[in-house]
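Everything below belongs to structure_35.pdb, which stores PDB, C-alpha atoms.
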```
ATOM      1  CA  MET A   1    -148.817-153.696 -89.455
ATOM      2  CA  SER A   2    -147.588-152.526 -86.053
ATOM      3  CA  LEU A   3    -144.710-150.085 -85.635
ATOM      4  CA  PHE A   4    -142.561-152.813 -84.036
ATOM      5  CA  TRP A   5    -142.831-155.130 -87.013
ATOM      6  CA  ARG A   6    -142.270-152.326 -89.506
ATOM      7  CA  ILE A   7    -139.001-151.291 -87.818
ATOM      8  CA  PHE A   8    -137.945-154.936 -87.390
ATOM      9  CA  LEU A   9    -138.577-155.768 -91.043
ATOM     10  CA  LEU A  10    -136.738-152.634 -92.206
ATOM     11  CA  ASN A  11    -133.659-153.636 -90.215
ATOM     12  CA  ALA A  12    -134.000-157.260 -91.308
ATOM     13  CA  ALA A  13    -134.160-156.239 -94.968
ATOM     14  CA  VAL A  14    -130.950-154.229 -94.633
ATOM     15  CA  LEU A  15    -129.156-157.085 -92.855
ATOM     16  CA  PHE A  16    -130.352-159.665 -95.402
ATOM     17  CA  ALA A  17    -129.136-157.460 -98.233
ATOM     18  CA  ALA A  18    -125.741-157.081 -96.597
ATOM     19  CA  THR A  19    -125.480-160.827 -95.958
ATOM     20  CA  ALA A  20    -126.411-161.609 -99.561
ATOM     21  CA  LEU A  21    -123.713-159.282-100.840
ATOM     22  CA  LEU A  22    -121.133-160.959 -98.631
ATOM     23  CA  LEU A  23    -122.150-164.458 -99.692
ATOM     24  CA  LEU A  24    -122.669-163.856-103.388
ATOM     25  CA  GLY A  25    -120.229-161.029-104.016
ATOM     26  CA  PRO A  26    -116.617-161.440-105.119
ATOM     27  CA  VAL A  27    -115.289-159.815-101.953
ATOM     28  CA  THR A  28    -113.357-162.066 -99.553
ATOM     29  CA  VAL A  29    -111.807-161.423 -96.168
ATOM     30  CA  SER A  30    -108.354-162.789 -95.417
ATOM     31  CA  ALA A  31    -106.434-163.062 -92.185
ATOM     32  CA  PRO A  32    -104.841-160.728 -91.486
ATOM     33  CA  VAL A  33    -107.281-158.265 -93.061
ATOM     34  CA  LEU A  34    -105.908-156.282 -95.936
ATOM     35  CA  LEU A  35    -106.361-152.539 -96.202
ATOM     36  CA  THR A  36    -108.536-152.770 -99.297
ATOM     37  CA  GLU A  37    -110.730-155.371 -97.629
ATOM     38  CA  ALA A  38    -111.118-153.175 -94.550
ATOM     39  CA  LEU A  39    -112.087-150.220 -96.714
ATOM     40  CA  ILE A  40    -114.685-152.306 -98.513
ATOM     41  CA  MET A  41    -116.140-153.517 -95.165
ATOM     42  CA  VAL A  42    -116.288-149.953 -93.791
ATOM     43  CA  LEU A  43    -117.996-148.698 -96.945
ATOM     44  CA  GLY A  44    -120.477-151.535 -96.731
ATOM     45  CA  LEU A  45    -121.203-150.739 -93.080
ATOM     46  CA  VAL A  46    -121.697-147.059 -93.890
ATOM     47  CA  ALA A  47    -124.035-147.967 -96.748
ATOM     48  CA  MET A  48    -126.048-150.195 -94.366
ATOM     49  CA  LEU A  49    -126.327-147.427 -91.784
ATOM     50  CA  VAL A  50    -127.342-144.823 -94.362
ATOM     51  CA  ALA A  51    -129.982-147.112 -95.854
ATOM     52  CA  ASN A  52    -131.323-148.000 -92.413
ATOM     53  CA  ALA A  53    -131.433-144.316 -91.348
ATOM     54  CA  ALA A  54    -133.223-143.292 -94.551
ATOM     55  CA  LEU A  55    -135.851-146.021 -94.187
ATOM     56  CA  LEU A  56    -136.416-145.200 -90.510
ATOM     57  CA  ARG A  57    -136.719-141.464 -91.244
ATOM     58  CA  ILE A  58    -139.360-142.167 -93.880
ATOM     59  CA  GLY A  59    -141.239-144.494 -91.569
ATOM     60  CA  LEU A  60    -141.105-142.184 -88.517
ATOM     61  CA  ALA A  61    -141.681-138.858 -90.325
ATOM     62  CA  PRO A  62    -145.396-138.789 -89.326
ATOM     63  CA  LEU A  63    -144.352-139.020 -85.658
ATOM     64  CA  GLN A  64    -142.078-136.000 -86.064
ATOM     65  CA  ARG A  65    -144.946-133.998 -87.585
ATOM     66  CA  LEU A  66    -147.175-135.081 -84.729
ATOM     67  CA  THR A  67    -144.540-133.951 -82.205
ATOM     68  CA  ARG A  68    -144.371-130.501 -83.821
ATOM     69  CA  ALA A  69    -148.163-130.284 -83.760
ATOM     70  CA  MET A  70    -148.197-131.180 -80.052
ATOM     71  CA  THR A  71    -145.705-128.428 -79.209
ATOM     72  CA  THR A  72    -147.542-125.732 -81.206
ATOM     73  CA  THR A  73    -151.176-126.584 -80.446
ATOM     74  CA  ASP A  74    -153.107-123.768 -78.757
ATOM     75  CA  LEU A  75    -156.681-124.372 -77.619
ATOM     76  CA  LEU A  76    -157.419-120.670 -78.163
ATOM     77  CA  ARG A  77    -156.748-121.182 -81.883
ATOM     78  CA  PRO A  78    -158.953-124.179 -82.681
ATOM     79  CA  GLY A  79    -159.248-126.054 -85.941
ATOM     80  CA  ARG A  80    -155.586-126.786 -86.665
ATOM     81  CA  ARG A  81    -154.986-130.525 -86.971
ATOM     82  CA  PRO A  82    -152.013-132.621 -88.111
ATOM     83  CA  ALA A  83    -152.746-134.529 -91.294
ATOM     84  CA  VAL A  84    -153.313-138.259 -90.825
ATOM     85  CA  SER A  85    -150.444-140.036 -92.556
ATOM     86  CA  GLY A  86    -148.435-143.180 -92.141
ATOM     87  CA  HIS A  87    -149.800-146.655 -91.554
ATOM     88  CA  GLY A  88    -151.082-148.759 -88.726
ATOM     89  CA  GLU A  89    -150.267-147.518 -85.247
ATOM     90  CA  ILE A  90    -148.867-144.163 -86.425
ATOM     91  CA  ALA A  91    -152.039-143.232 -88.295
ATOM     92  CA  GLY A  92    -154.087-144.416 -85.321
ATOM     93  CA  LEU A  93    -152.012-142.283 -82.954
ATOM     94  CA  ILE A  94    -152.547-139.152 -85.074
ATOM     95  CA  MET A  95    -156.300-139.816 -85.298
ATOM     96  CA  THR A  96    -156.433-140.321 -81.527
ATOM     97  CA  PHE A  97    -154.578-137.044 -80.987
ATOM     98  CA  ASN A  98    -157.012-135.194 -83.277
ATOM     99  CA  THR A  99    -159.966-136.705 -81.423
ATOM    100  CA  MET A 100    -158.449-135.628 -78.116
ATOM    101  CA  LEU A 101    -158.051-132.071 -79.462
ATOM    102  CA  ASP A 102    -161.702-132.022 -80.522
ATOM    103  CA  ARG A 103    -162.764-133.045 -77.026
ATOM    104  CA  LEU A 104    -160.424-130.591 -75.284
ATOM    105  CA  GLU A 105    -161.543-127.685 -77.479
ATOM    106  CA  ALA A 106    -165.190-128.498 -76.842
ATOM    107  CA  GLU A 107    -164.583-128.723 -73.091
ATOM    108  CA  ARG A 108    -162.528-125.508 -73.121
ATOM    109  CA  ALA A 109    -165.244-123.655 -75.026
ATOM    110  CA  ALA A 110    -167.932-124.936 -72.648
ATOM    111  CA  SER A 111    -165.987-124.044 -69.501
ATOM    112  CA  SER A 112    -165.006-120.639 -70.906
ATOM    113  CA  GLY A 113    -168.630-120.006 -71.782
ATOM    114  CA  LEU A 114    -169.759-120.764 -68.253
ATOM    115  CA  ALA A 115    -167.019-118.595 -66.761
ATOM    116  CA  LEU A 116    -167.693-115.640 -69.068
ATOM    117  CA  ARG A 117    -171.449-115.826 -68.571
ATOM    118  CA  ALA A 118    -170.902-115.877 -64.818
ATOM    119  CA  GLN A 119    -168.581-112.907 -65.221
ATOM    120  CA  GLU A 120    -171.197-110.986 -67.218
ATOM    121  CA  ALA A 121    -173.834-111.782 -64.594
ATOM    122  CA  GLU A 122    -171.509-110.521 -61.844
ATOM    123  CA  ARG A 123    -170.760-107.374 -63.823
ATOM    124  CA  ARG A 124    -174.467-106.786 -64.261
ATOM    125  CA  ARG A 125    -175.054-107.235 -60.529
ATOM    126  CA  ILE A 126    -172.222-104.887 -59.540
ATOM    127  CA  ALA A 127    -173.347-102.272 -62.067
ATOM    128  CA  GLN A 128    -176.882-102.475 -60.728
ATOM    129  CA  GLU A 129    -175.692-102.014 -57.143
ATOM    130  CA  LEU A 130    -173.459 -99.093 -58.128
ATOM    131  CA  HIS A 131    -176.355 -97.435 -59.898
ATOM    132  CA  ASP A 132    -179.046 -98.156 -57.336
ATOM    133  CA  GLU A 133    -177.174 -98.081 -54.030
ATOM    134  CA  VAL A 134    -174.064 -95.932 -54.372
ATOM    135  CA  GLY A 135    -175.542 -93.677 -57.028
ATOM    136  CA  GLN A 136    -178.672 -92.947 -55.039
ATOM    137  CA  THR A 137    -176.654 -92.382 -51.863
ATOM    138  CA  LEU A 138    -174.379 -89.862 -53.572
ATOM    139  CA  THR A 139    -177.417 -88.149 -55.114
ATOM    140  CA  ALA A 140    -178.904 -87.767 -51.638
ATOM    141  CA  VAL A 141    -175.561 -86.411 -50.379
ATOM    142  CA  LEU A 142    -175.552 -83.852 -53.201
ATOM    143  CA  LEU A 143    -179.046 -82.672 -52.314
ATOM    144  CA  GLU A 144    -178.116 -82.420 -48.648
ATOM    145  CA  LEU A 145    -174.947 -80.500 -49.474
ATOM    146  CA  LYS A 146    -176.948 -78.071 -51.568
ATOM    147  CA  ARG A 147    -179.387 -77.522 -48.722
ATOM    148  CA  VAL A 148    -176.566 -76.957 -46.213
ATOM    149  CA  ALA A 149    -174.644 -74.700 -48.620
ATOM    150  CA  ASP A 150    -177.676 -72.506 -49.139
ATOM    151  CA  ARG A 151    -177.961 -71.950 -45.357
ATOM    152  CA  ALA A 152    -174.241 -71.793 -44.556
ATOM    153  CA  PRO A 153    -172.460 -68.507 -43.880
ATOM    154  CA  ALA A 154    -170.459 -67.030 -46.729
ATOM    155  CA  PRO A 155    -166.983 -68.178 -45.512
ATOM    156  CA  LEU A 156    -168.101 -71.851 -45.572
ATOM    157  CA  ARG A 157    -170.255 -71.670 -48.682
ATOM    158  CA  ALA A 158    -167.318 -71.817 -51.143
ATOM    159  CA  GLU A 159    -165.877 -74.876 -49.394
ATOM    160  CA  LEU A 160    -169.250 -76.621 -49.491
ATOM    161  CA  ARG A 161    -169.593 -75.815 -53.185
ATOM    162  CA  HIS A 162    -166.204 -77.432 -53.763
ATOM    163  CA  VAL A 163    -167.346 -80.546 -51.883
ATOM    164  CA  GLN A 164    -170.467 -80.572 -54.065
ATOM    165  CA  GLU A 165    -168.395 -80.551 -57.245
ATOM    166  CA  THR A 166    -166.160 -83.331 -55.942
ATOM    167  CA  THR A 167    -169.212 -85.427 -55.045
ATOM    168  CA  ARG A 168    -170.778 -84.739 -58.446
ATOM    169  CA  ASP A 169    -167.581 -85.832 -60.214
ATOM    170  CA  SER A 170    -167.540 -89.007 -58.139
ATOM    171  CA  LEU A 171    -171.150 -89.695 -59.066
ATOM    172  CA  ASP A 172    -170.361 -89.229 -62.764
ATOM    173  CA  GLU A 173    -167.379 -91.577 -62.475
ATOM    174  CA  ILE A 174    -169.494 -94.243 -60.767
ATOM    175  CA  ARG A 175    -172.117 -93.971 -63.490
ATOM    176  CA  ARG A 176    -169.400 -94.284 -66.142
ATOM    177  CA  ILE A 177    -168.009 -97.418 -64.467
ATOM    178  CA  ALA A 178    -171.524 -98.874 -64.247
ATOM    179  CA  ARG A 179    -172.040 -98.262 -67.980
ATOM    180  CA  ARG A 180    -168.780-100.038 -68.788
ATOM    181  CA  LEU A 181    -169.719-102.979 -66.596
ATOM    182  CA  ARG A 182    -173.215-103.257 -68.039
ATOM    183  CA  PRO A 183    -173.673-101.727 -71.507
ATOM    184  CA  GLY A 184    -177.329-100.767 -71.265
ATOM    185  CA  VAL A 185    -177.169 -99.073 -74.667
ATOM    186  CA  LEU A 186    -176.339-102.443 -76.208
ATOM    187  CA  GLU A 187    -179.508-104.013 -74.844
ATOM    188  CA  GLU A 188    -181.721-101.043 -75.614
ATOM    189  CA  LEU A 189    -180.431 -99.584 -78.898
ATOM    190  CA  GLY A 190    -178.268-102.298 -80.434
ATOM    191  CA  LEU A 191    -174.629-102.930 -81.276
ATOM    192  CA  VAL A 192    -173.902 -99.969 -83.551
ATOM    193  CA  SER A 193    -175.293 -97.436 -81.080
ATOM    194  CA  ALA A 194    -173.388 -99.090 -78.238
ATOM    195  CA  LEU A 195    -170.105 -98.932 -80.170
ATOM    196  CA  LYS A 196    -170.710 -95.275 -80.992
ATOM    197  CA  ALA A 197    -171.404 -94.502 -77.332
ATOM    198  CA  LEU A 198    -168.270 -96.426 -76.311
ATOM    199  CA  THR A 199    -166.020 -94.515 -78.711
ATOM    200  CA  ASN A 200    -167.587 -91.172 -77.772
ATOM    201  CA  GLU A 201    -166.878 -91.841 -74.110
ATOM    202  CA  ILE A 202    -163.271 -92.868 -74.769
ATOM    203  CA  THR A 203    -162.701 -89.877 -77.046
ATOM    204  CA  THR A 204    -164.096 -87.517 -74.415
ATOM    205  CA  HIS A 205    -162.001 -88.851 -71.543
ATOM    206  CA  THR A 206    -158.724 -89.620 -73.367
ATOM    207  CA  GLY A 207    -158.518 -87.419 -76.451
ATOM    208  CA  LEU A 208    -157.978 -90.427 -78.733
ATOM    209  CA  SER A 209    -159.434 -89.778 -82.192
ATOM    210  CA  VAL A 210    -161.489 -92.761 -83.366
ATOM    211  CA  ARG A 211    -162.776 -93.066 -86.930
ATOM    212  CA  LEU A 212    -165.907 -95.207 -87.239
ATOM    213  CA  GLY A 213    -167.132 -97.246 -90.176
ATOM    214  CA  PHE A 214    -170.237 -99.428 -89.956
ATOM    215  CA  ASP A 215    -171.699-101.389 -92.848
ATOM    216  CA  ALA A 216    -175.294-100.469 -93.557
ATOM    217  CA  THR A 217    -176.117-104.064 -94.545
ATOM    218  CA  LEU A 218    -175.229-105.807 -91.293
ATOM    219  CA  PRO A 219    -177.273-108.972 -90.736
ATOM    220  CA  PRO A 220    -179.298-109.437 -87.554
ATOM    221  CA  LEU A 221    -177.056-110.795 -84.820
ATOM    222  CA  GLY A 222    -177.776-112.781 -81.692
ATOM    223  CA  GLN A 223    -177.304-111.347 -78.213
ATOM    224  CA  ASP A 224    -174.181-113.428 -77.548
ATOM    225  CA  VAL A 225    -172.581-112.290 -80.816
ATOM    226  CA  GLU A 226    -173.335-108.636 -80.142
ATOM    227  CA  LEU A 227    -171.955-108.897 -76.614
ATOM    228  CA  VAL A 228    -168.735-110.571 -77.830
ATOM    229  CA  LEU A 229    -168.263-107.936 -80.544
ATOM    230  CA  TYR A 230    -168.822-105.155 -78.024
ATOM    231  CA  ARG A 231    -166.476-106.610 -75.393
ATOM    232  CA  VAL A 232    -163.698-107.215 -77.931
ATOM    233  CA  ALA A 233    -164.003-103.619 -79.164
ATOM    234  CA  GLN A 234    -164.052-102.368 -75.564
ATOM    235  CA  GLU A 235    -160.966-104.391 -74.611
ATOM    236  CA  GLY A 236    -159.141-103.352 -77.775
ATOM    237  CA  LEU A 237    -159.824 -99.649 -77.259
ATOM    238  CA  THR A 238    -158.794 -99.929 -73.621
ATOM    239  CA  ASN A 239    -155.494-101.528 -74.650
ATOM    240  CA  ILE A 240    -154.906 -98.745 -77.174
ATOM    241  CA  VAL A 241    -155.416 -96.084 -74.518
ATOM    242  CA  ARG A 242    -153.233 -97.844 -71.937
ATOM    243  CA  HIS A 243    -150.379 -99.270 -73.989
ATOM    244  CA  ALA A 244    -150.312 -98.132 -77.631
ATOM    245  CA  ASP A 245    -149.407 -94.451 -77.191
ATOM    246  CA  ALA A 246    -151.591 -93.802 -80.235
ATOM    247  CA  ARG A 247    -153.235 -90.635 -81.475
ATOM    248  CA  ARG A 248    -155.718 -92.118 -83.929
ATOM    249  CA  ALA A 249    -157.671 -95.347 -84.141
ATOM    250  CA  GLU A 250    -160.190 -96.919 -86.491
ATOM    251  CA  LEU A 251    -163.177 -99.083 -85.592
ATOM    252  CA  ALA A 252    -165.144-100.777 -88.363
ATOM    253  CA  LEU A 253    -167.838-103.418 -88.598
ATOM    254  CA  GLU A 254    -168.370-104.988 -92.017
ATOM    255  CA  HIS A 255    -170.652-107.572 -93.569
ATOM    256  CA  THR A 256    -168.551-110.275 -95.262
ATOM    257  CA  PRO A 257    -169.686-113.161 -97.508
ATOM    258  CA  VAL A 258    -169.415-115.581 -94.578
ATOM    259  CA  GLY A 259    -170.463-113.360 -91.674
ATOM    260  CA  VAL A 260    -169.301-110.129 -90.062
ATOM    261  CA  GLU A 261    -165.853-108.769 -89.282
ATOM    262  CA  LEU A 262    -164.875-106.323 -86.571
ATOM    263  CA  PHE A 263    -161.696-104.352 -87.307
ATOM    264  CA  LEU A 264    -159.796-102.229 -84.809
ATOM    265  CA  GLY A 265    -156.522-100.531 -85.707
ATOM    266  CA  ASP A 266    -154.325 -97.750 -84.354
ATOM    267  CA  ASP A 267    -151.202 -95.790 -85.265
ATOM    268  CA  GLY A 268    -149.368 -96.620 -82.050
ATOM    269  CA  ARG A 269    -146.145 -98.450 -81.378
ATOM    270  CA  GLY A 270    -147.552-101.928 -82.042
ATOM    271  CA  ILE A 271    -147.195-105.127 -80.059
ATOM    272  CA  GLY A 272    -143.722-105.992 -81.390
ATOM    273  CA  THR A 273    -142.401-109.301 -80.082
ATOM    274  CA  ALA A 274    -144.149-109.053 -76.722
ATOM    275  CA  PRO A 275    -146.183-112.119 -75.721
ATOM    276  CA  GLU A 276    -149.945-111.891 -75.758
ATOM    277  CA  GLY A 277    -151.350-110.532 -72.529
ATOM    278  CA  ALA A 278    -154.517-111.268 -70.625
ATOM    279  CA  GLY A 279    -156.508-108.815 -72.740
ATOM    280  CA  ILE A 280    -155.862-110.560 -76.069
ATOM    281  CA  ARG A 281    -156.301-114.007 -74.537
ATOM    282  CA  GLY A 282    -159.622-112.802 -73.139
ATOM    283  CA  MET A 283    -160.632-111.767 -76.656
ATOM    284  CA  ARG A 284    -159.787-115.229 -77.960
ATOM    285  CA  GLU A 285    -161.758-116.918 -75.187
ATOM    286  CA  ARG A 286    -164.796-114.779 -75.958
ATOM    287  CA  ALA A 287    -164.449-115.547 -79.649
ATOM    288  CA  LEU A 288    -164.592-119.276 -78.899
ATOM    289  CA  LEU A 289    -168.122-118.837 -77.521
ATOM    290  CA  ILE A 290    -169.506-117.941 -80.955
ATOM    291  CA  GLY A 291    -167.110-119.914 -83.155
ATOM    292  CA  ALA A 292    -165.231-116.765 -84.199
ATOM    293  CA  GLU A 293    -161.536-116.178 -84.844
ATOM    294  CA  VAL A 294    -159.330-113.335 -83.593
ATOM    295  CA  SER A 295    -156.172-112.287 -85.421
ATOM    296  CA  VAL A 296    -153.753-109.747 -83.956
ATOM    297  CA  GLY A 297    -150.838-108.297 -85.902
ATOM    298  CA  ARG A 298    -148.955-105.227 -86.938
ATOM    299  CA  GLY A 299    -150.457-102.924 -89.530
ATOM    300  CA  PRO A 300    -148.852-102.450 -92.947
ATOM    301  CA  GLY A 301    -146.070 -99.920 -93.387
ATOM    302  CA  ARG A 302    -143.821 -98.195 -90.904
ATOM    303  CA  GLY A 303    -145.595 -97.225 -87.723
ATOM    304  CA  GLY A 304    -148.590 -99.343 -88.621
ATOM    305  CA  GLY A 305    -149.626 -99.895 -85.020
ATOM    306  CA  THR A 306    -151.721-102.903 -84.079
ATOM    307  CA  HIS A 307    -154.565-104.377 -86.114
ATOM    308  CA  ILE A 308    -157.188-106.628 -84.525
ATOM    309  CA  ARG A 309    -159.720-108.543 -86.608
ATOM    310  CA  LEU A 310    -162.595-110.584 -85.213
ATOM    311  CA  ARG A 311    -164.199-112.750 -87.904
ATOM    312  CA  VAL A 312    -167.616-114.096 -86.937
ATOM    313  CA  PRO A 313    -169.269-116.750 -89.119
ATOM    314  CA  ILE A 314    -173.013-116.262 -89.329
ATOM    315  CA  GLY A 315    -175.090-119.391 -88.962
ATOM    316  CA  ASP A 316    -178.453-120.098 -87.430
ATOM    317  CA  GLU A 317    -176.929-120.122 -83.945
ATOM    318  CA  ASN A 318    -175.366-116.656 -84.376
ATOM    319  CA  GLN A 319    -178.356-114.906 -85.916
ATOM    320  CA  ARG A 320    -181.236-113.225 -84.182
ATOM    321  CA  SER A 321    -184.662-114.133 -85.411
ATOM    322  CA  ASP A 322    -186.849-111.127 -86.017
TER
END
```

Kindly return the structure encoded in the file as structure tokens.
Amino acid sequence: MSLFWRIFLLNAAVLFAATALLLLGPVTVSAPVLLTEALIMVLGLVAMLVANAALLRIGLAPLQRLTRAMTTTDLLRPGRRPAVSGHGEIAGLIMTFNTMLDRLEAERAASSGLALRAQEAERRRIAQELHDEVGQTLTAVLLELKRVADRAPAPLRAELRHVQETTRDSLDEIRRIARRLRPGVLEELGLVSALKALTNEITTHTGLSVRLGFDATLPPLGQDVELVLYRVAQEGLTNIVRHADARRAELALEHTPVGVELFLGDDGRGIGTAPEGAGIRGMRERALLIGAEVSVGRGPGRGGGTHIRLRVPIGDENQRSD
């Protein structure tokens, strides 16, 4: 039955009931209207309105739930669907909305995948150019500076040595940037070694103390899964250094009954009520590529900092065949 006919019949039922009470009931209306008769008519009208409102609220309740779902739906948190309830057009509307969400989430995941893969390819290209072009040029400059410094008179030699050190520091910084853009350790030695190298580098340059914990029974993971896990850890540690004002952090990778879980926590000031920034949204977009879920919240207790969990289900598409 369509929504129009349901509302029409609800109103008709209330009006028929009121008419039957007037025709069959002992109440009469005189002219002029007496006070008691007016009170009875007002009470009857109120009863009709209350009954009509209650029936309409019951009939339209699924639409209110659908409206709340529309206002709270986030494509970066897939899987949440309003329950199909009601009859006729209302149930069809909810099913259509759920189908639309399925299509939008699939399209969002596909477009995000293309964008992130293009981003990784661009990072790889830039890292390669930094290493091959700029790195080699600065290495040649260092060698030339050494040759000139060895032949220079004593008053200029100290200044040339200082220029050498500055150039060497710049070369080290370029190599560090290239490693962050293209984690070669991840491709060569695997995820655990790459995460250890990442934390060692951050600890060396920032002084942040990072405690590591890696499960010895981790299943074999595909390249996309390892890259997403690495990038989420990298983004999380970068956020800790920039915004958390933390002294200690913890990075763990565990084997769960349904897959693997990456945990990153700190003892900083936490995210509070601030809206999610580009870093966390980037984590969620990466998680969509492998069907994973990211949760971000405050740690337990006072001064709990921020806790990030990336839960990755392990299926055939997320495993690496040996």

Next on the checklist: Here's the selection I'm unsure about, the PyMOL selection byres ((chain A and resi 254) around 10); applied to the file above, which residues does it give, as a list in words?
Outcome noted: Gly213, Phe214, Asp215, Ala216, Thr217, Leu218, Pro219, Ala252, Leu253, His255, Thr256, Pro257, Gly259, Val260, Glu261, Leu262, Phe263 and Arg311 of chain A

Next on the checklist: Going by the chain IDs and residue numbers used in this file, which residues fall under the PyMOL selection byres ((chain A and resi 290-296) around 8)? Write them as a ChimeraX atom specification.
Outcome noted: /A:77,224-225,283-284,286-289,297-298,306-313,318

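As for CA of Ala246 (chain A) and CA of Gly305 (chain A), they are spaced 8.0 Å apart.
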
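Counting all atoms listed in the file and comparing A:Leu10, A:Ile90, A:Leu15, A:Glu226, the residue that lies closest to Leu189 (chain A) is A:Glu226.
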
Write out as lines of an AutoDock Vina configuration file an axis-aligned box for region 234-251 of chain A: all of its atoms listed in the file, 8 Å added on each side, centre and edge lengths in Å with one decimal.
```
center_x = -156.7
center_y = -97.5
center_z = -79.2
size_x = 30.6
size_y = 29.8
size_z = 30.6
```

Enumerate, as a short mmCIF file (atom, residue, chain, number, x, y, z; two decimals) with C-alpha atoms, in the frame of the given file, the residues matched when the PyMOL selection byres ((chain A and resi 195-211) around 7) is run on the file above.
```cif
data_model
loop_
_atom_site.label_atom_id
_atom_site.label_comp_id
_atom_site.auth_asym_id
_atom_site.auth_seq_id
_atom_site.Cartn_x
_atom_site.Cartn_y
_atom_site.Cartn_z
CA LEU A 191 -174.63 -102.93 -81.28
CA VAL A 192 -173.90 -99.97 -83.55
CA SER A 193 -175.29 -97.44 -81.08
CA ALA A 194 -173.39 -99.09 -78.24
CA LEU A 212 -165.91 -95.21 -87.24
CA GLY A 213 -167.13 -97.25 -90.18
CA TYR A 230 -168.82 -105.16 -78.02
CA ARG A 247 -153.24 -90.64 -81.47
CA ARG A 248 -155.72 -92.12 -83.93
CA ALA A 249 -157.67 -95.35 -84.14
CA GLU A 250 -160.19 -96.92 -86.49
CA LEU A 251 -163.18 -99.08 -85.59
#
```

Next on the checklist: Calculated over all atoms listed in the file, which of the candidates A:Asn11, A:Ser111, A:Thr96, A:Thr167 has the smallest distance to Val134 (chain A)?
Outcome noted: A:Thr167

Next on the checklist: Between CA of Thr139 (chain A) and CA of Leu171 (chain A), what is the distance in Å, rounded to a tenth?
Outcome noted: 7.6 Å

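The point (-160.7, -135.8, -87.3) has these residues within 10 Å of it, counting all atoms listed in the file: Gly79, Arg81, Pro82, Ala83, Val84, Ile94, Met95, Thr96, Phe97, Asn98, Thr99, Met100, Leu101 and Asp102 of chain A.
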
Fill-in result for region 196-200 of chain A, all heavy atoms as a tab-separated table (two decimals), in the coordinates of the input:
```tsv
chain	number	residue	atom	x	y	z
A	196	LYS	N	-170.86	-96.73	-80.87
A	196	LYS	CA	-170.71	-95.28	-80.99
A	196	LYS	C	-170.62	-94.62	-79.61
A	196	LYS	O	-169.78	-93.73	-79.40
A	196	LYS	CB	-171.89	-94.70	-81.77
A	196	LYS	CG	-171.89	-95.04	-83.24
A	196	LYS	CD	-173.10	-94.43	-83.94
A	196	LYS	CE	-173.10	-94.75	-85.43
A	196	LYS	NZ	-174.30	-94.19	-86.12
A	197	ALA	N	-171.46	-95.05	-78.68
A	197	ALA	CA	-171.40	-94.50	-77.33
A	197	ALA	C	-170.07	-94.82	-76.66
A	197	ALA	O	-169.50	-93.98	-75.95
A	197	ALA	CB	-172.56	-95.05	-76.50
A	198	LEU	N	-169.55	-96.03	-76.89
A	198	LEU	CA	-168.27	-96.43	-76.31
A	198	LEU	C	-167.14	-95.54	-76.83
A	198	LEU	O	-166.31	-95.03	-76.06
A	198	LEU	CB	-167.99	-97.89	-76.63
A	198	LEU	CG	-166.62	-98.44	-76.22
A	198	LEU	CD1	-166.47	-98.43	-74.71
A	198	LEU	CD2	-166.43	-99.85	-76.77
A	199	THR	N	-167.08	-95.34	-78.14
A	199	THR	CA	-166.02	-94.52	-78.71
A	199	THR	C	-166.15	-93.05	-78.30
A	199	THR	O	-165.15	-92.38	-78.07
A	199	THR	CB	-166.02	-94.64	-80.24
A	199	THR	OG1	-167.33	-94.34	-80.75
A	199	THR	CG2	-165.64	-96.05	-80.66
A	200	ASN	N	-167.39	-92.56	-78.22
A	200	ASN	CA	-167.59	-91.17	-77.77
A	200	ASN	C	-167.07	-90.98	-76.35
A	200	ASN	O	-166.43	-89.96	-76.03
A	200	ASN	CB	-169.06	-90.79	-77.85
A	200	ASN	CG	-169.54	-90.61	-79.28
A	200	ASN	OD1	-168.74	-90.33	-80.18
A	200	ASN	ND2	-170.83	-90.77	-79.50
```
